[in-house]
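*Asks:* Questions regarding the structure given below will be posed in turn.
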Amino acid sequence: MSSIKIECVLRENCRCGESPVWEEASNSLLFVDIPAKKVCRWDSLSKQVQRVAVDAPVSSVALRQLGGYVATIGTKFCALNWEDQSVFVLAMVDKDKTNNRFNDGKVDPAGRYFAGTMAEEIAPAVLERHQGSLYSLFPDHNVKKYFDQVDISNGLDWSLDHKIFYYIDSLSYSVDAFDYDLQTGQIANRRIVYKMEKDEQIPDGMCIDAEGKLWVACYNGGRVIRLDPETGKRLQTVKLPVDKTTSCCFGGKDYSEMYVTCARDGMDAEGLLRQPDAGGIFKITGLGVKGIAPYSYAG
Ligand SMILES: O=C(O)[C@H](O)[C@@H](O)[C@H](O)[C@H](O)CO
Ligand SMILES: [Zn+2]
């Protein structure tokens, strides 16, 4: 067994840190703080953070082939120019649902930006149910809707052969899979690959590793778990010193490090005293497995 090391590399005090994405070109970790309406970029070499404020909750960020980034802001798919901090709206969803916002999002191997929606929360995981849907933004800026009736649209990723799409609707307490057609962006044949155990709490963000295994951040569970989607078995549990772990990605040299985001919202004063690094960015080394580079939006 390798020796695992966990450190808080940035005490950012995120209310709800989310959507960690490694940007190799700048040796940086991108992430968002959803309710604080901020997109952040942490330079792993200089340890400096840049923050861009936007005008609505920002739930995910992704790389863009044209340069700059894309982000889901409120119910809009947007382009984000980092240099002048300008936001350009590419498309809008859920126009009839004024209490909705996007949640987690990620780019597929063909450069489509997938993201789902949810009703705005009254408290963490307390919200009007079945209000969300899953969408993708194609490179031509057309939006495809896959399904509705989602509670909290969350983690997503694709198998290494691009034939399976993995997806989490948090309140189903499961990790699901669909057949994936990379050519058309169609999904089919939903099934459950993993049911959360009680102490694992709520499944949130997710990423795949270079061996095709899934890593799921467990909100309120204070851990990330590694799953074998073929057998449905949990392979590993890595506990963190914070309860509200929200998402994870691989990054660093050769994608050998894991970065984990977490939240402060929903914690009481005593909890915050016990977990002063809540809302920070954590780095896990020594996992002995690498990740893969994130895909970039092609539009
Ligand atoms: O980060 C997210 O995906 C949500 O926006 C958060 O609010 C929490 O994770 C959620 O409450 C737990 O299910
Ligand atoms: Zn999430």
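In the structure tokens, chains take the letters A, B, ... in the order shown, each chain's residues start at 1, and ligands count up from 1 in the order shown.
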Can you pull out every residue within 7 Å of stretch 80-84 of chain A, counting only C-alpha atoms, but drop anything in the same chain fewer than 2 positions away, and send it as a list in words?
*Replies:*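 Surrounding residues, per the criterion: Gly68, Tyr69, Val70, Ala71, Cys78, Ser86, Val87 and Phe88 of chain A.
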*Asks:* May I have the residues from that selection written out with N, CA and C atoms, as an mmCIF file, in the first residue's frame?
*Replies:*
data_model
loop_
_atom_site.group_PDB
_atom_site.id
_atom_site.type_symbol
_atom_site.label_atom_id
_atom_site.label_comp_id
_atom_site.auth_asym_id
_atom_site.auth_seq_id
_atom_site.Cartn_x
_atom_site.Cartn_y
_atom_site.Cartn_z
ATOM 1 N N GLY A 68 -9.854 30.547 -22.437
ATOM 2 C CA GLY A 68 -10.802 30.932 -21.393
ATOM 3 C C GLY A 68 -11.549 29.702 -20.922
ATOM 4 N N TYR A 69 -12.712 29.931 -20.337
ATOM 5 C CA TYR A 69 -13.457 28.828 -19.726
ATOM 6 C C TYR A 69 -14.930 28.903 -20.097
ATOM 7 N N VAL A 70 -15.656 27.854 -19.758
ATOM 8 C CA VAL A 70 -17.108 27.900 -19.765
ATOM 9 C C VAL A 70 -17.560 27.627 -18.336
ATOM 10 N N ALA A 71 -18.736 28.124 -17.996
ATOM 11 C CA ALA A 71 -19.242 27.951 -16.636
ATOM 12 C C ALA A 71 -20.759 27.896 -16.690
ATOM 13 N N CYS A 78 -22.454 29.601 -19.932
ATOM 14 C CA CYS A 78 -21.757 30.846 -20.265
ATOM 15 C C CYS A 78 -20.314 30.587 -20.675
ATOM 16 N N SER A 86 -15.107 38.977 -18.277
ATOM 17 C CA SER A 86 -16.434 39.126 -18.886
ATOM 18 C C SER A 86 -17.104 37.772 -19.079
ATOM 19 N N VAL A 87 -18.425 37.808 -19.002
ATOM 20 C CA VAL A 87 -19.241 36.603 -19.149
ATOM 21 C C VAL A 87 -20.119 36.774 -20.384
ATOM 22 N N PHE A 88 -20.188 35.739 -21.209
ATOM 23 C CA PHE A 88 -21.018 35.782 -22.405
ATOM 24 C C PHE A 88 -21.978 34.596 -22.358
#
*Asks:* Would you mind listing the residues within 7 Å of ligand 2, counting only C-alpha atoms and all ligand atoms, as a ChimeraX atom specification?
*Replies:* /A:18,103-104,154-155,204-205,246-247
*Asks:* Give me, as CSV, each residue of chain A that comes within 10 Å of ligand 1, together with its shortest interatomic pair and the distance in Å at one decimal, counting only C-alpha atoms and all ligand atoms, with rows ordered by chain and rising residue number.
*Replies:*
residue,atom,partner,partner_atom_place_in_ligand_line,distance
A:Arg15,CA,ligand 1,7 (O),9.4
A:Cys16,CA,ligand 1,1 (O),6.2
A:Gly17,CA,ligand 1,1 (O),7.1
A:Glu18,CA,ligand 1,1 (O),5.7
A:Ser19,CA,ligand 1,1 (O),8.3
A:Val32,CA,ligand 1,1 (O),9.8
A:Asp33,CA,ligand 1,1 (O),9.0
A:Ile34,CA,ligand 1,5 (O),6.9
A:Pro35,CA,ligand 1,5 (O),8.5
A:Pro57,CA,ligand 1,5 (O),9.4
A:Val58,CA,ligand 1,5 (O),9.5
A:Ser59,CA,ligand 1,5 (O),6.8
A:Ser60,CA,ligand 1,3 (O),9.4
A:Arg101,CA,ligand 1,5 (O),9.1
A:Phe102,CA,ligand 1,5 (O),8.4
A:Asn103,CA,ligand 1,5 (O),5.6
A:Asp104,CA,ligand 1,3 (O),5.9
A:Gly105,CA,ligand 1,3 (O),9.7
A:Thr117,CA,ligand 1,5 (O),9.5
A:Met118,CA,ligand 1,5 (O),8.4
A:Ala119,CA,ligand 1,5 (O),9.8
A:Glu120,CA,ligand 1,7 (O),8.4
A:Glu121,CA,ligand 1,7 (O),6.7
A:Ile122,CA,ligand 1,11 (O),9.5
A:Ala123,CA,ligand 1,11 (O),7.3
A:Pro124,CA,ligand 1,11 (O),3.8
A:Ala125,CA,ligand 1,11 (O),3.9
A:Val126,CA,ligand 1,11 (O),7.2
A:Leu127,CA,ligand 1,11 (O),8.9
A:Asp151,CA,ligand 1,13 (O),9.1
A:Ile152,CA,ligand 1,13 (O),6.4
A:Ser153,CA,ligand 1,3 (O),7.2
A:Asn154,CA,ligand 1,3 (O),5.4
A:Gly155,CA,ligand 1,3 (O),7.7
A:Ile168,CA,ligand 1,3 (O),9.8
A:Asp169,CA,ligand 1,13 (O),8.6
A:Ser170,CA,ligand 1,13 (O),5.4
A:Leu171,CA,ligand 1,13 (O),7.0
A:Tyr173,CA,ligand 1,13 (O),9.5
A:Gln201,CA,ligand 1,13 (O),9.1
A:Ile202,CA,ligand 1,13 (O),5.8
A:Pro203,CA,ligand 1,13 (O),6.9
A:Asp204,CA,ligand 1,3 (O),5.6
A:Gly205,CA,ligand 1,3 (O),6.6
A:Ala217,CA,ligand 1,9 (O),9.2
A:Cys218,CA,ligand 1,12 (C),8.7
A:Tyr219,CA,ligand 1,12 (C),5.7
A:Asn220,CA,ligand 1,12 (C),8.0
A:Lys244,CA,ligand 1,9 (O),7.7
A:Thr245,CA,ligand 1,9 (O),7.9
A:Thr246,CA,ligand 1,9 (O),5.3
A:Ser247,CA,ligand 1,1 (O),7.5
A:Thr261,CA,ligand 1,1 (O),9.1
A:Cys262,CA,ligand 1,1 (O),8.1
A:Ala263,CA,ligand 1,1 (O),7.8
A:Asp265,CA,ligand 1,7 (O),8.4
A:Gly266,CA,ligand 1,11 (O),8.9
*Asks:* Can you tell me, as a list in words, which residues in stretch 96-271 of chain A count as helix (DSSP H, G or I) by DSSP?
*Replies:*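 Those residues are Ser170, Leu171, Ser172, Lys198, Asp199, Glu200, Lys253, Asp254, Tyr255, Ala269, Glu270 and Gly271 of chain A.
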*Asks:* Based on DSSP run over this structure's backbone, return all residues of stretch 31-275 of chain A in strand (DSSP E or B), as JSON, numbers by chain.
*Replies:* {"A": [31, 32, 33, 38, 39, 40, 41, 42, 43, 49, 50, 51, 52, 53, 58, 59, 60, 61, 62, 63, 64, 69, 70, 71, 72, 73, 76, 77, 78, 79, 80, 81, 86, 87, 88, 89, 90, 91, 92, 100, 101, 102, 103, 104, 105, 106, 107, 113, 114, 115, 116, 117, 118, 119, 123, 126, 132, 133, 134, 135, 136, 137, 143, 144, 145, 146, 147, 148, 149, 150, 152, 153, 154, 155, 156, 157, 158, 164, 165, 166, 167, 168, 169, 174, 175, 176, 177, 178, 179, 180, 181, 186, 187, 188, 189, 190, 191, 192, 193, 194, 195, 202, 203, 204, 205, 206, 207, 208, 209, 214, 215, 216, 217, 218, 219, 223, 224, 225, 226, 227, 228, 233, 234, 235, 236, 237, 238, 239, 244, 245, 246, 247, 248, 249, 250, 251, 257, 258, 259, 260, 261, 262, 263]}
*Asks:* Using Å and a single decimal, report how far atom CA of A:Arg264 sits from atom CA of A:Asp94.
*Replies:*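 Atom-to-atom, atom CA of A:Asp94 to atom CA of A:Arg264, that is 27.8 Å.
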*Asks:* If we count only C-alpha atoms, what is near A:Leu10 at a cut-off of 8 Å, once residues fewer than 3 positions away on the same chain are taken out, given as a ChimeraX atom specification?
*Replies:* /A:280-282
